$ cat run-v6.tsv   # TSV, C-alpha atoms
chain	number	residue	atom	x	y	z
A	1	ARG	CA	52.38	26.09	147.19
A	2	ILE	CA	50.84	22.71	147.82
A	3	SER	CA	48.98	20.70	145.23
A	4	ASN	CA	45.84	18.63	145.85
A	5	ASN	CA	42.51	17.94	144.19
A	6	LYS	CA	40.47	20.83	145.57
A	7	LYS	CA	39.79	23.98	143.61
A	8	GLN	CA	39.33	27.14	145.67
A	9	THR	CA	42.28	29.49	146.13
A	10	MET	CA	42.98	32.49	148.37
A	11	SER	CA	42.28	34.93	145.54
A	12	GLU	CA	38.83	33.42	145.05
A	13	ILE	CA	37.77	33.35	148.69
A	14	GLU	CA	37.62	37.14	148.82
A	15	THR	CA	35.24	37.41	145.83
A	16	LYS	CA	31.90	38.17	147.43
A	17	LYS	CA	28.41	38.25	145.99
A	18	PRO	CA	27.27	41.86	145.45
A	19	GLU	CA	25.17	43.22	148.26
A	20	GLU	CA	21.59	44.13	147.41
A	21	GLU	CA	20.75	47.80	147.70
A	22	GLU	CA	19.66	48.83	151.17
A	23	GLU	CA	17.82	51.86	152.37
A	24	GLU	CA	20.74	53.01	154.46
A	25	GLU	CA	23.45	54.22	152.07
A	26	GLU	CA	26.38	56.57	152.23
A	27	ALA	CA	26.25	59.93	150.54
A	28	PRO	CA	27.39	59.84	146.89
A	29	SER	CA	30.62	61.65	147.69
A	30	ALA	CA	31.55	59.10	150.36
A	31	THR	CA	30.73	56.23	148.02
A	32	THR	CA	32.98	57.72	145.35
A	33	THR	CA	35.95	58.05	147.67
A	34	SER	CA	35.53	54.46	148.87
A	35	TRP	CA	36.56	53.07	145.49
A	36	PRO	CA	40.24	52.39	144.91
A	37	ASP	CA	42.10	54.41	142.31
A	38	ILE	CA	42.29	51.49	139.89
A	39	GLU	CA	42.56	52.31	136.22
A	40	GLN	CA	39.33	51.99	134.21
A	41	GLU	CA	41.21	50.69	131.18
A	42	LEU	CA	43.86	48.09	131.89
A	43	VAL	CA	47.27	49.04	130.51
A	44	ILE	CA	49.51	46.05	129.76
A	45	PRO	CA	53.25	46.90	130.01
A	46	GLU	CA	55.25	46.42	126.82
A	47	VAL	CA	57.58	43.89	128.46
A	48	LEU	CA	54.66	41.44	128.68
A	49	HIS	CA	54.43	41.52	124.88
A	50	THR	CA	58.05	40.49	124.33
A	51	GLU	CA	58.49	37.03	122.87
A	52	GLY	CA	60.42	35.50	125.75
A	53	VAL	CA	58.03	36.74	128.43
A	54	LYS	CA	54.96	35.68	126.43
A	55	LYS	CA	56.43	32.21	126.03
A	56	LEU	CA	57.23	31.95	129.74
A	57	HIS	CA	53.76	33.03	130.85
A	58	LYS	CA	52.19	30.63	128.36
A	59	SER	CA	54.14	27.78	129.96
A	60	ILE	CA	52.94	28.97	133.38
A	61	GLN	CA	49.33	28.87	132.18
A	62	ASP	CA	49.76	25.49	130.50
A	63	GLU	CA	51.94	23.65	133.01
A	64	TRP	CA	51.49	25.10	136.50
A	65	ASP	CA	48.71	23.90	138.77
A	66	TYR	CA	46.25	26.38	140.23
A	67	LEU	CA	48.20	26.72	143.48
A	68	GLN	CA	51.41	27.63	141.69
A	69	LYS	CA	49.38	30.09	139.63
A	70	SER	CA	48.16	31.69	142.86
A	71	ALA	CA	51.60	33.32	143.06
A	72	CYS	CA	50.76	35.16	139.85
A	73	GLN	CA	47.27	35.99	141.14
A	74	THR	CA	48.81	37.61	144.21
A	75	ALA	CA	51.12	39.63	141.97
A	76	ALA	CA	48.09	40.76	139.95
A	77	GLY	CA	46.49	42.10	143.12
A	78	ARG	CA	49.61	44.09	143.95
A	79	ALA	CA	49.80	45.36	140.37
A	80	LEU	CA	46.22	46.62	140.20
A	81	TRP	CA	46.36	48.16	143.68
A	82	LYS	CA	49.47	50.08	142.68
A	83	HIS	CA	48.07	53.31	144.14
A	84	VAL	CA	48.90	51.88	147.57
A	85	ILE	CA	51.54	49.23	146.73
A	86	ASN	CA	54.65	50.30	144.85
A	87	ASP	CA	55.77	47.04	143.24
A	88	PRO	CA	57.94	47.50	140.14
A	89	LEU	CA	57.66	43.84	139.15
A	90	ALA	CA	54.02	43.03	139.93
A	91	HIS	CA	52.63	43.40	136.39
A	92	LEU	CA	55.46	41.32	134.96
A	93	PHE	CA	55.12	38.61	137.62
A	94	ALA	CA	51.35	38.46	137.23
A	95	GLY	CA	51.11	38.09	133.46
A	96	GLU	CA	48.38	39.36	131.18
A	97	THR	CA	45.87	36.59	131.92
A	98	HIS	CA	45.77	37.19	135.67
A	99	LEU	CA	45.80	40.96	135.26
A	100	ARG	CA	42.78	40.84	132.96
A	101	ASN	CA	40.92	38.37	135.15
A	102	LEU	CA	41.27	40.50	138.29
A	103	HIS	CA	40.59	43.75	136.43
A	104	LYS	CA	37.33	42.26	135.12
A	105	LYS	CA	36.29	41.33	138.67
A	106	ILE	CA	37.04	44.85	139.89
A	107	GLN	CA	35.01	46.39	137.08
A	108	THR	CA	32.11	44.06	137.92
A	109	ASP	CA	32.36	45.14	141.57
A	110	ARG	CA	32.09	48.76	140.43
A	111	LEU	CA	28.98	48.06	138.35
A	112	ASN	CA	27.35	46.20	141.25
A	113	ASN	CA	28.41	48.76	143.87
A	114	ALA	CA	29.90	45.92	145.92
A	115	ARG	CA	30.94	46.74	149.47
A	116	GLU	CA	34.25	44.88	149.13
A	117	VAL	CA	36.45	45.33	146.07
A	118	SER	CA	38.23	42.32	144.57
A	119	GLY	CA	41.86	42.30	145.64
A	120	VAL	CA	41.35	44.30	148.83
A	121	ILE	CA	42.36	41.38	151.09
A	122	LEU	CA	45.59	40.96	149.14
A	123	ALA	CA	46.24	44.70	149.32
A	124	VAL	CA	45.66	44.95	153.09
A	125	ARG	CA	47.62	41.77	153.73
A	126	THR	CA	50.57	43.02	151.67
A	127	LEU	CA	50.64	46.39	153.43
A	128	TRP	CA	50.38	44.77	156.86
A	129	PHE	CA	53.34	42.47	156.15
A	130	ASP	CA	55.33	45.39	154.71
A	131	SER	CA	54.77	47.49	157.83
A	132	ARG	CA	55.54	44.66	160.24
A	133	ILE	CA	58.74	43.64	158.40
A	134	GLN	CA	59.97	47.21	158.71
A	135	ALA	CA	59.05	47.39	162.41
A	136	ALA	CA	60.65	44.01	163.15
A	137	LEU	CA	63.94	44.96	161.51
A	138	ALA	CA	63.92	48.28	163.36
A	139	SER	CA	63.57	46.40	166.64
A	140	PHE	CA	66.88	44.61	166.06
A	141	ASN	CA	70.29	46.12	166.76
A	142	SER	CA	70.77	48.45	163.78
A	143	ASP	CA	74.54	47.78	163.73
A	144	VAL	CA	74.04	44.07	163.08
A	145	SER	CA	72.79	42.67	159.79
A	146	ALA	CA	69.61	40.61	159.89
A	147	GLN	CA	68.01	37.89	157.81
A	148	VAL	CA	64.53	37.84	156.28
A	149	VAL	CA	63.20	34.46	155.16
A	150	LEU	CA	60.13	34.29	152.93
A	151	LEU	CA	58.67	30.79	152.98
A	152	GLY	CA	56.50	30.12	149.93
A	153	ALA	CA	57.86	33.34	148.43
A	154	GLY	CA	56.08	32.90	145.11
A	155	MET	CA	56.25	36.10	143.04
A	156	ASP	CA	57.11	38.31	146.03
A	157	ALA	CA	59.19	41.37	145.03
A	158	ARG	CA	60.00	42.86	148.42
A	159	SER	CA	63.74	42.55	147.73
A	160	TYR	CA	63.21	45.12	144.97
A	161	ARG	CA	60.81	47.48	146.70
A	162	LEU	CA	61.39	47.66	150.48
A	163	ASN	CA	64.20	50.02	151.46
A	164	CYS	CA	64.16	48.65	155.01
A	165	LEU	CA	65.87	45.50	153.66
A	166	ASN	CA	69.07	47.39	152.79
A	167	LYS	CA	70.92	45.76	155.70
A	168	SER	CA	69.25	42.35	155.45
A	169	ASP	CA	70.11	39.10	153.72
A	170	VAL	CA	66.90	37.84	152.14
A	171	PHE	CA	66.08	34.19	151.43
A	172	GLU	CA	63.21	33.35	149.07
A	173	VAL	CA	62.08	29.75	149.53
A	174	ASP	CA	59.79	28.01	147.06
A	175	PHE	CA	59.58	25.22	144.49
A	176	PRO	CA	62.27	25.10	141.76
A	177	ASP	CA	59.95	25.84	138.83
A	178	VAL	CA	58.48	28.89	140.57
A	179	LEU	CA	61.92	30.32	141.37
A	180	GLN	CA	63.27	29.55	137.90
A	181	ALA	CA	60.38	31.38	136.26
A	182	LYS	CA	60.80	34.27	138.67
A	183	THR	CA	64.51	34.59	137.91
A	184	SER	CA	63.80	34.63	134.17
A	185	LEU	CA	61.15	37.34	134.59
A	186	VAL	CA	63.52	39.49	136.64
A	187	GLN	CA	66.14	39.14	133.91
A	188	ALA	CA	63.54	40.28	131.37
A	189	ALA	CA	62.75	43.28	133.56
A	190	VAL	CA	66.42	44.23	133.77
A	191	LYS	CA	66.70	44.14	129.97
A	192	SER	CA	63.64	46.33	129.50
A	193	ARG	CA	64.26	48.86	132.28
A	194	ASN	CA	67.71	49.78	133.50
A	195	GLU	CA	66.43	51.45	136.66
A	196	LEU	CA	65.43	48.17	138.36
A	197	LYS	CA	67.56	47.82	141.47
A	198	MET	CA	67.55	45.41	144.37
A	199	THR	CA	66.86	47.10	147.70
A	200	ALA	CA	67.91	44.13	149.84
A	201	LYS	CA	71.52	43.75	150.95
A	202	SER	CA	71.58	40.30	149.33
A	203	LEU	CA	69.12	37.80	147.91
A	204	VAL	CA	69.26	34.02	147.78
A	205	ARG	CA	66.56	32.00	146.03
A	206	ALA	CA	66.49	28.57	147.65
A	207	ALA	CA	64.58	25.78	145.92
A	208	ILE	CA	63.27	23.96	149.00
A	209	ASP	CA	60.04	22.12	149.79
A	210	ILE	CA	59.14	23.10	153.36
A	211	ARG	CA	57.00	19.97	153.65
A	212	ASP	CA	60.23	17.95	153.80
A	213	GLU	CA	61.65	17.19	157.23
A	214	ASP	CA	65.12	18.36	156.19
A	215	TRP	CA	64.00	21.73	154.78
A	216	PHE	CA	65.80	23.71	157.49
A	217	GLU	CA	69.07	21.86	156.89
A	218	ASN	CA	68.75	22.70	153.21
A	219	LEU	CA	68.16	26.35	154.10
A	220	LYS	CA	71.40	26.37	156.10
A	221	LYS	CA	73.20	24.89	153.10
A	222	ALA	CA	71.89	27.85	151.09
A	223	GLY	CA	73.65	30.23	153.49
A	224	PHE	CA	71.15	30.82	156.29
A	225	GLN	CA	72.82	31.56	159.64
A	226	PRO	CA	70.77	30.22	162.60
A	227	GLU	CA	72.47	32.57	165.09
A	228	THR	CA	71.58	35.76	163.18
A	229	ASN	CA	68.49	37.83	164.04
A	230	THR	CA	65.76	36.72	161.65
A	231	VAL	CA	62.31	37.76	160.46
A	232	TRP	CA	60.32	34.81	159.14
A	233	VAL	CA	57.61	35.78	156.63
A	234	LEU	CA	54.88	33.19	156.07
A	235	GLU	CA	52.43	35.07	153.88
A	236	GLY	CA	49.71	33.01	152.26
A	237	ILE	CA	51.36	29.65	152.86
A	238	LEU	CA	50.43	28.00	156.18
A	239	TYR	CA	46.87	27.06	155.24
A	240	TYR	CA	48.09	25.11	152.20
A	241	LEU	CA	50.03	22.78	154.53
A	242	SER	CA	48.70	19.83	156.45
A	243	HIS	CA	48.39	20.23	160.21
A	244	THR	CA	51.52	18.13	160.76
A	245	GLU	CA	53.54	20.09	158.20
A	246	ALA	CA	52.41	23.49	159.49
A	247	MET	CA	53.17	22.59	163.11
A	248	GLN	CA	56.60	21.29	162.11
A	249	VAL	CA	57.42	24.62	160.48
A	250	LEU	CA	56.05	26.68	163.38
A	251	ASN	CA	57.84	24.60	166.00
A	252	LEU	CA	61.16	24.87	164.21
A	253	ILE	CA	60.89	28.66	163.95
A	254	ALA	CA	59.83	28.89	167.60
A	255	ASP	CA	62.92	26.91	168.61
A	256	LYS	CA	65.07	29.71	167.15
A	257	CYS	CA	63.79	32.06	169.88
A	258	ALA	CA	66.21	30.28	172.23
A	259	VAL	CA	69.11	31.04	169.90
A	260	THR	CA	68.59	34.58	168.61
A	261	SER	CA	66.03	37.36	168.25
A	262	THR	CA	63.26	35.87	166.12
A	263	VAL	CA	60.12	37.39	164.63
A	264	LEU	CA	57.38	35.40	162.94
A	265	LEU	CA	54.92	37.16	160.63
A	266	ALA	CA	52.14	34.90	159.37
A	267	ASP	CA	48.51	34.82	158.34
A	268	PHE	CA	46.18	32.14	159.67
A	269	MET	CA	42.73	31.10	158.52
A	270	ASN	CA	40.04	30.07	160.97
A	271	LYS	CA	38.08	26.84	160.57
A	272	PRO	CA	35.16	28.28	158.54
A	273	SER	CA	37.64	29.72	156.01
A	274	ALA	CA	39.56	26.46	155.59
A	275	THR	CA	36.52	24.20	155.39
A	276	LEU	CA	34.44	25.93	152.73
A	277	PRO	CA	33.15	23.67	149.91
A	278	ASN	CA	35.85	23.01	147.28
A	279	SER	CA	38.49	24.63	149.49
A	280	VAL	CA	42.16	23.95	148.79
A	281	PHE	CA	43.06	24.81	152.36
A	282	ASP	CA	44.03	22.40	155.12
A	283	PHE	CA	45.71	23.87	158.21
A	284	TYR	CA	43.74	26.36	160.26
A	285	SER	CA	43.76	27.85	163.74
A	286	ASP	CA	40.87	29.67	165.39
A	287	TRP	CA	43.17	30.92	168.15
A	288	PRO	CA	46.74	31.36	166.84
A	289	ASP	CA	47.39	33.94	169.55
A	290	GLN	CA	46.92	31.12	172.09
A	291	LEU	CA	48.74	28.48	170.04
A	292	LEU	CA	52.02	30.32	169.44
A	293	PRO	CA	52.93	30.99	173.11
A	294	THR	CA	52.72	27.25	173.76
A	295	LEU	CA	55.40	26.75	171.10
A	296	GLY	CA	57.88	29.18	172.65
A	297	PHE	CA	57.00	32.66	171.40
A	298	SER	CA	56.87	35.19	174.24
A	299	ASN	CA	55.11	38.07	172.47
A	300	VAL	CA	52.11	37.55	170.19
A	301	LYS	CA	49.83	40.14	168.60
A	302	LEU	CA	46.83	39.29	166.42
A	303	SER	CA	44.97	41.55	164.01
A	304	GLN	CA	42.07	41.04	161.64
A	305	ILE	CA	41.31	42.68	158.31
A	306	GLY	CA	39.64	45.98	159.22
A	307	ASP	CA	41.43	46.51	162.54
A	308	PRO	CA	43.16	49.90	162.91
A	309	ASP	CA	46.54	48.39	161.98
A	310	ALA	CA	45.05	46.27	159.17
A	311	ASN	CA	42.90	48.74	157.28
A	312	PHE	CA	45.20	51.28	155.57
A	313	GLY	CA	42.21	53.40	154.57
A	314	LEU	CA	41.00	50.79	152.08
A	315	LEU	CA	37.78	49.72	153.83
A	316	HIS	CA	35.48	52.73	153.83
A	317	ASP	CA	32.01	51.18	153.83
A	318	PRO	CA	30.89	50.66	157.45
A	319	LEU	CA	28.71	47.76	156.30
A	320	ASN	CA	31.52	45.85	154.62
A	321	LEU	CA	32.07	42.19	155.43
A	322	PHE	CA	35.14	42.78	157.59
A	323	SER	CA	33.49	45.40	159.80
A	324	LYS	CA	30.58	43.01	160.38
A	325	LEU	CA	32.97	40.25	161.44
A	326	LEU	CA	34.79	42.53	163.86
A	327	ARG	CA	31.51	43.15	165.67
A	328	LEU	CA	31.06	39.43	166.31
A	329	PRO	CA	32.94	37.35	168.89
A	330	ARG	CA	35.77	35.33	167.37
A	331	SER	CA	34.11	32.15	168.63
A	332	ALA	CA	31.19	32.68	166.22
A	333	GLN	CA	31.30	30.14	163.40
A	334	VAL	CA	28.30	31.46	161.44
A	335	HIS	CA	26.85	34.94	161.10
A	336	PRO	CA	23.65	35.26	163.17
A	337	ASP	CA	21.98	37.48	160.56
A	338	ASP	CA	22.24	35.25	157.50
A	339	GLY	CA	23.85	31.97	158.57
A	340	THR	CA	26.92	32.45	156.37
A	341	PRO	CA	30.29	31.15	157.63
A	342	CYS	CA	32.39	33.65	159.61
A	343	CYS	CA	35.51	33.40	157.46
A	344	ARG	CA	38.38	35.21	159.15
A	345	LEU	CA	41.98	35.86	158.18
A	346	TYR	CA	44.24	36.51	161.16
A	347	LEU	CA	47.43	38.55	160.73
A	348	VAL	CA	49.80	37.50	163.47
A	349	GLU	CA	53.14	38.78	164.73
A	350	ALA	CA	55.03	36.64	167.23
A	351	SER	CA	58.53	37.07	168.61
A	352	GLY	CA	61.00	35.78	171.12
A	353	SER	CA	64.62	36.15	172.20
A	354	PRO	CA	67.02	34.22	174.39
A	355	PRO	CA	67.75	35.58	177.86
A	356	PRO	CA	70.81	37.90	177.80
A	357	ASP	CA	73.04	35.41	179.61
A	358	THR	CA	72.27	32.59	177.14
A	359	SER	CA	72.48	34.52	173.86
A	360	ILE	CA	75.02	33.45	171.27
A	361	GLY	CA	76.88	36.76	171.51
A	362	ASN	CA	77.85	36.23	175.14
A	363	HIS	CA	79.51	32.91	174.33
A	364	LEU	CA	81.66	34.13	171.43

$ encode --input "run-v6.tsv" --output "C-alpha cells"
Amino acid sequence: RISNNKKQTMSEIETKKPEEEEEEEEAPSATTTSWPDIEQELVIPEVLHTEGVKKLHKSIQDEWDYLQKSACQTAAGRALWKHVINDPLAHLFAGETHLRNLHKKIQTDRLNNAREVSGVILAVRTLWFDSRIQAALASFNSDVSAQVVLLGAGMDARSYRLNCLNKSDVFEVDFPDVLQAKTSLVQAAVKSRNELKMTAKSLVRAAIDIRDEDWFENLKKAGFQPETNTVWVLEGILYYLSHTEAMQVLNLIADKCAVTSTVLLADFMNKPSATLPNSVFDFYSDWPDQLLPTLGFSNVKLSQIGDPDANFGLLHDPLNLFSKLLRLPRSAQVHPDDGTPCCRLYLVEASGSPPPDTSIGNHL
C-alpha cells in the first residue's frame, strides 16, 4: 500500500450521505430484508484481548500510515459481513479499533435508512474475487498445480478459507511490516484455536515492493515459477500506484500470457473516483476493457458493482447508488440529476495463453 500526503482511502469512498426520504419507498418487509444480517451488538473475540495481540494492534495504530491500516479496514469489512464471507481470521486481522469504527458506521446507516450499507463495496468485491479465483483455477488443467499471486495482499486470508486453493501455491506480496504483523497474528490464532488450517497447498509471504523495477525477479527468488499457470490477484492495489508503476505491473503480467496460461483479476477506478478531493488514489482507467487487450490479454470481461455477477443479493434497493450508475453510460463523468461525480469501480478479469505450438510444455 502506497504512502503519500492525501487522506481518503477505499473504505471511506463508499461511505455515502444518507438519502432523504422520498415518496416512493419499498414496502416495510422489503426494506427489512434489504439490511445485512450484521450483529446489533459487536462481539469482540477473546483473542483480541490477549496481551500479545493487543500490543501488536496498538503498534499498528501508532506506527502504520493510513494506507497500511487500510488492510485492517478491509479485514473489518469481511469480519462484519460474515453472513456472506466466511473468514476465520478477519476479526483478528482487523483489530478492535477498525471493527468498532465500521460497526458504528453500519449502525448509523440503519438509523438513517441509508440505501447503501457501509462495507457493501468490500463485501461485493471480496465475493467477486473469490468466485473468479475459483473459476480461473477450474479453467486450468486440473492435473497440474497452479500458482495464485496476491499483490498488495494486506490482511487477505484466502489461503485459510478458499478450498479451491488446495492444489495451488499461493504467494502473498506486500511490505515487510505488514507481512510480519500478519504472521504474528496467524500464530496468535493458532494458539487460541486449534482448528485453524491452511486450505492452500502452500503459502509463501514475499516482502516485495511492487513499485521497484526488480519486483518480479524478487518474486522468482521467493519460489515463483514463470512457466506455471498463474492467477494474479490485484485487489484494491492498482489505484494506489502511479500510472507508470501500474502500467509496469500490468505489462509484466500480460507478458506472461506468451509463456503460460495467465489470468488477471483486478479492480480499477475511473477518473471521477481517483480524483475526488483529498483522494489518496493515483492510477485510474475509464476503459480497462479496452486497455488490457492492447497489452496482450486476449479475453477481457468487465463488471460493475450491481451487475448480475457483482451483486450477490446484497443490493436490494432499486434506488441505490450502484443501480443509478448502471443506468448511465460509462462515459458520464457527473450524474445528470444532481451533478455528483460518477464514481465507478470496475471488476475486471483478463486472460491469455500461448498458442499450443509455442507453449512451454511442448518444448520440454

$ atom_distance --input "run-v6.tsv" --atom1 "atom CA of A:Ala266" --atom2 "atom CA of A:Glu172"
15.2 Å

$ residues_around --input "run-v6.tsv" --residues "A:Asp174" --least-positions-apart "3" --cutoff "7 Å" --atoms "only C-alpha atoms" --output "PyMOL selection string"
chain A and resi 151-154+178-179+206-209

$ closest_residue --input "run-v6.tsv" --among "A:Val47, A:Ala188, A:Ala222, A:Ala246" --to "A:Ile210" --atoms "only C-alpha atoms"
A:Ala246

$ atom_distance --input "run-v6.tsv" --atom1 "atom CA of A:Glu349" --atom2 "atom CA of A:Asn299"
8.0 Å

$ closest_residue --input "run-v6.tsv" --among "A:Tyr240, A:Thr108, A:Leu295, A:Val204" --to "A:Ser279" --atoms "all atoms listed in the file"
A:Tyr240

$ residues_near_point --input "run-v6.tsv" --point "(43.4, 27.1, 156.3)" --cutoff "6 Å" --atoms "all atoms listed in the file" --output "list in words"
Tyr239, Met269, Ala274, Phe281, Asp282, Phe283 and Tyr284 of chain A

$ write_last_selection --input "run-v6.tsv" --atoms "C-alpha atoms" --output "compact mmCIF listing (two decimals), in the coordinates of the input"
# COMPACT_ATOMS: atom_id res chain seq x y z
CA TYR A 239 46.87 27.06 155.24
CA MET A 269 42.73 31.10 158.52
CA ALA A 274 39.56 26.46 155.59
CA PHE A 281 43.06 24.81 152.36
CA ASP A 282 44.03 22.40 155.12
CA PHE A 283 45.71 23.87 158.21
CA TYR A 284 43.74 26.36 160.26

$ residues_around --input "run-v6.tsv" --residues "A:Ser285" --least-positions-apart "4" --cutoff "12 Å" --atoms "all atoms listed in the file" --output "list of chain:residue names"
A:Leu238, A:Tyr239, A:Ser242, A:His243, A:Ala246, A:Met247, A:Ala266, A:Asp267, A:Phe268, A:Met269, A:Asn270, A:Lys271, A:Pro272, A:Ser273, A:Ala274, A:Thr275, A:Phe281, A:Asp289, A:Gln290, A:Leu291, A:Leu292, A:Arg330, A:Ser331, A:Cys343, A:Arg344, A:Leu345, A:Tyr346, A:Leu347, A:Val348

$ write_last_selection --input "run-v6.tsv" --atoms "C-alpha atoms" --output "short mmCIF file (atom, residue, chain, number, x, y, z; two decimals), in the coordinates of the input"
data_model
loop_
_atom_site.label_atom_id
_atom_site.label_comp_id
_atom_site.auth_asym_id
_atom_site.auth_seq_id
_atom_site.Cartn_x
_atom_site.Cartn_y
_atom_site.Cartn_z
CA LEU A 238 50.43 28.00 156.18
CA TYR A 239 46.87 27.06 155.24
CA SER A 242 48.70 19.83 156.45
CA HIS A 243 48.39 20.23 160.21
CA ALA A 246 52.41 23.49 159.49
CA MET A 247 53.17 22.59 163.11
CA ALA A 266 52.14 34.90 159.37
CA ASP A 267 48.51 34.82 158.34
CA PHE A 268 46.18 32.14 159.67
CA MET A 269 42.73 31.10 158.52
CA ASN A 270 40.04 30.07 160.97
CA LYS A 271 38.08 26.84 160.57
CA PRO A 272 35.16 28.28 158.54
CA SER A 273 37.64 29.72 156.01
CA ALA A 274 39.56 26.46 155.59
CA THR A 275 36.52 24.20 155.39
CA PHE A 281 43.06 24.81 152.36
CA ASP A 289 47.39 33.94 169.55
CA GLN A 290 46.92 31.12 172.09
CA LEU A 291 48.74 28.48 170.04
CA LEU A 292 52.02 30.32 169.44
CA ARG A 330 35.77 35.33 167.37
CA SER A 331 34.11 32.15 168.63
CA CYS A 343 35.51 33.40 157.46
CA ARG A 344 38.38 35.21 159.15
CA LEU A 345 41.98 35.86 158.18
CA TYR A 346 44.24 36.51 161.16
CA LEU A 347 47.43 38.55 160.73
CA VAL A 348 49.80 37.50 163.47
#

$ residues_around --input "run-v6.tsv" --residues "A:Ser298" --least-positions-apart "2" --cutoff "10 Å" --atoms "all atoms listed in the file" --output "PyMOL selection string"
chain A and resi 254+257+292-296+300+350-353

$ closest_residue --input "run-v6.tsv" --among "A:Val280, A:Leu89, A:Ala258, A:Ile121" --to "A:Thr183" --atoms "all atoms listed in the file"
A:Leu89

$ atom_distance --input "run-v6.tsv" --atom1 "atom CA of A:Phe312" --atom2 "atom CA of A:Val124"
6.8 Å

$ closest_residue --input "run-v6.tsv" --among "A:Phe171, A:Trp287, A:Tyr160, A:Trp232" --to "A:Glu195" --atoms "all atoms listed in the file"
A:Tyr160

$ residues_near_point --input "run-v6.tsv" --point "(51.1, 33.2, 145.8)" --cutoff "8 Å" --atoms "only C-alpha atoms" --output "PyMOL selection string"
chain A and resi 1+67-75+152-156+236-237

$ residues_around --input "run-v6.tsv" --residues "A:Asp143" --least-positions-apart "6" --cutoff "12 Å" --atoms "only C-alpha atoms" --output "VMD selection string"
chain A and resid 137 167 to 168 229

$ closest_residue --input "run-v6.tsv" --among "A:Ile133, A:Leu80, A:Leu264, A:Leu234" --to "A:Val117" --atoms "only C-alpha atoms"
A:Leu80

$ residues_around --input "run-v6.tsv" --residues "A:His98" --least-positions-apart "5" --cutoff "12 Å" --atoms "all atoms listed in the file" --output "PyMOL selection string"
chain A and resi 11+42+44+57-58+60-61+66+69-80+90-93+103-105+119

$ decode --input "run-v6.tsv" --residues "stretch 138-143 of chain A" --atoms "all heavy atoms" --output "PDB file, in the first residue's frame"
ATOM      1  N   ALA A 138     -10.332 -23.483 -12.020  1.00  0.00           N
ATOM      2  CA  ALA A 138     -11.062 -24.585 -12.660  1.00  0.00           C
ATOM      3  C   ALA A 138     -10.810 -24.630 -14.164  1.00  0.00           C
ATOM      4  O   ALA A 138     -10.931 -25.687 -14.789  1.00  0.00           O
ATOM      5  CB  ALA A 138     -12.557 -24.452 -12.370  1.00  0.00           C
ATOM      6  N   SER A 139     -10.457 -23.486 -14.740  1.00  0.00           N
ATOM      7  CA  SER A 139     -10.215 -23.441 -16.186  1.00  0.00           C
ATOM      8  C   SER A 139      -8.860 -24.030 -16.567  1.00  0.00           C
ATOM      9  O   SER A 139      -8.631 -24.353 -17.732  1.00  0.00           O
ATOM     10  CB  SER A 139     -10.304 -21.998 -16.691  1.00  0.00           C
ATOM     11  OG  SER A 139      -9.187 -21.232 -16.262  1.00  0.00           O
ATOM     12  N   PHE A 140      -7.977 -24.168 -15.592  1.00  0.00           N
ATOM     13  CA  PHE A 140      -6.670 -24.767 -15.850  1.00  0.00           C
ATOM     14  C   PHE A 140      -6.788 -26.291 -15.850  1.00  0.00           C
ATOM     15  O   PHE A 140      -7.770 -26.858 -15.377  1.00  0.00           O
ATOM     16  CB  PHE A 140      -5.659 -24.352 -14.785  1.00  0.00           C
ATOM     17  CG  PHE A 140      -5.342 -22.881 -14.753  1.00  0.00           C
ATOM     18  CD1 PHE A 140      -4.890 -22.277 -13.581  1.00  0.00           C
ATOM     19  CD2 PHE A 140      -5.482 -22.084 -15.885  1.00  0.00           C
ATOM     20  CE1 PHE A 140      -4.587 -20.932 -13.533  1.00  0.00           C
ATOM     21  CE2 PHE A 140      -5.190 -20.728 -15.854  1.00  0.00           C
ATOM     22  CZ  PHE A 140      -4.747 -20.154 -14.678  1.00  0.00           C
ATOM     23  N   ASN A 141      -5.751 -26.939 -16.351  1.00  0.00           N
ATOM     24  CA  ASN A 141      -5.678 -28.399 -16.299  1.00  0.00           C
ATOM     25  C   ASN A 141      -5.654 -28.839 -14.839  1.00  0.00           C
ATOM     26  O   ASN A 141      -4.743 -28.497 -14.084  1.00  0.00           O
ATOM     27  CB  ASN A 141      -4.416 -28.878 -17.014  1.00  0.00           C
ATOM     28  CG  ASN A 141      -4.344 -30.393 -17.126  1.00  0.00           C
ATOM     29  OD1 ASN A 141      -4.941 -31.114 -16.325  1.00  0.00           O
ATOM     30  ND2 ASN A 141      -3.625 -30.868 -18.122  1.00  0.00           N
ATOM     31  N   SER A 142      -6.672 -29.603 -14.418  1.00  0.00           N
ATOM     32  CA  SER A 142      -6.809 -29.964 -13.008  1.00  0.00           C
ATOM     33  C   SER A 142      -5.681 -30.871 -12.508  1.00  0.00           C
ATOM     34  O   SER A 142      -5.491 -31.007 -11.304  1.00  0.00           O
ATOM     35  CB  SER A 142      -8.158 -30.663 -12.775  1.00  0.00           C
ATOM     36  OG  SER A 142      -8.253 -31.839 -13.568  1.00  0.00           O
ATOM     37  N   ASP A 143      -4.947 -31.508 -13.432  1.00  0.00           N
ATOM     38  CA  ASP A 143      -3.865 -32.407 -13.031  1.00  0.00           C
ATOM     39  C   ASP A 143      -2.546 -31.667 -12.781  1.00  0.00           C
ATOM     40  O   ASP A 143      -1.568 -32.266 -12.330  1.00  0.00           O
ATOM     41  CB  ASP A 143      -3.634 -33.477 -14.108  1.00  0.00           C
ATOM     42  CG  ASP A 143      -4.843 -34.391 -14.267  1.00  0.00           C
ATOM     43  OD1 ASP A 143      -5.541 -34.603 -13.267  1.00  0.00           O
ATOM     44  OD2 ASP A 143      -5.076 -34.872 -15.387  1.00  0.00           O
TER      45      ASP A 143
END
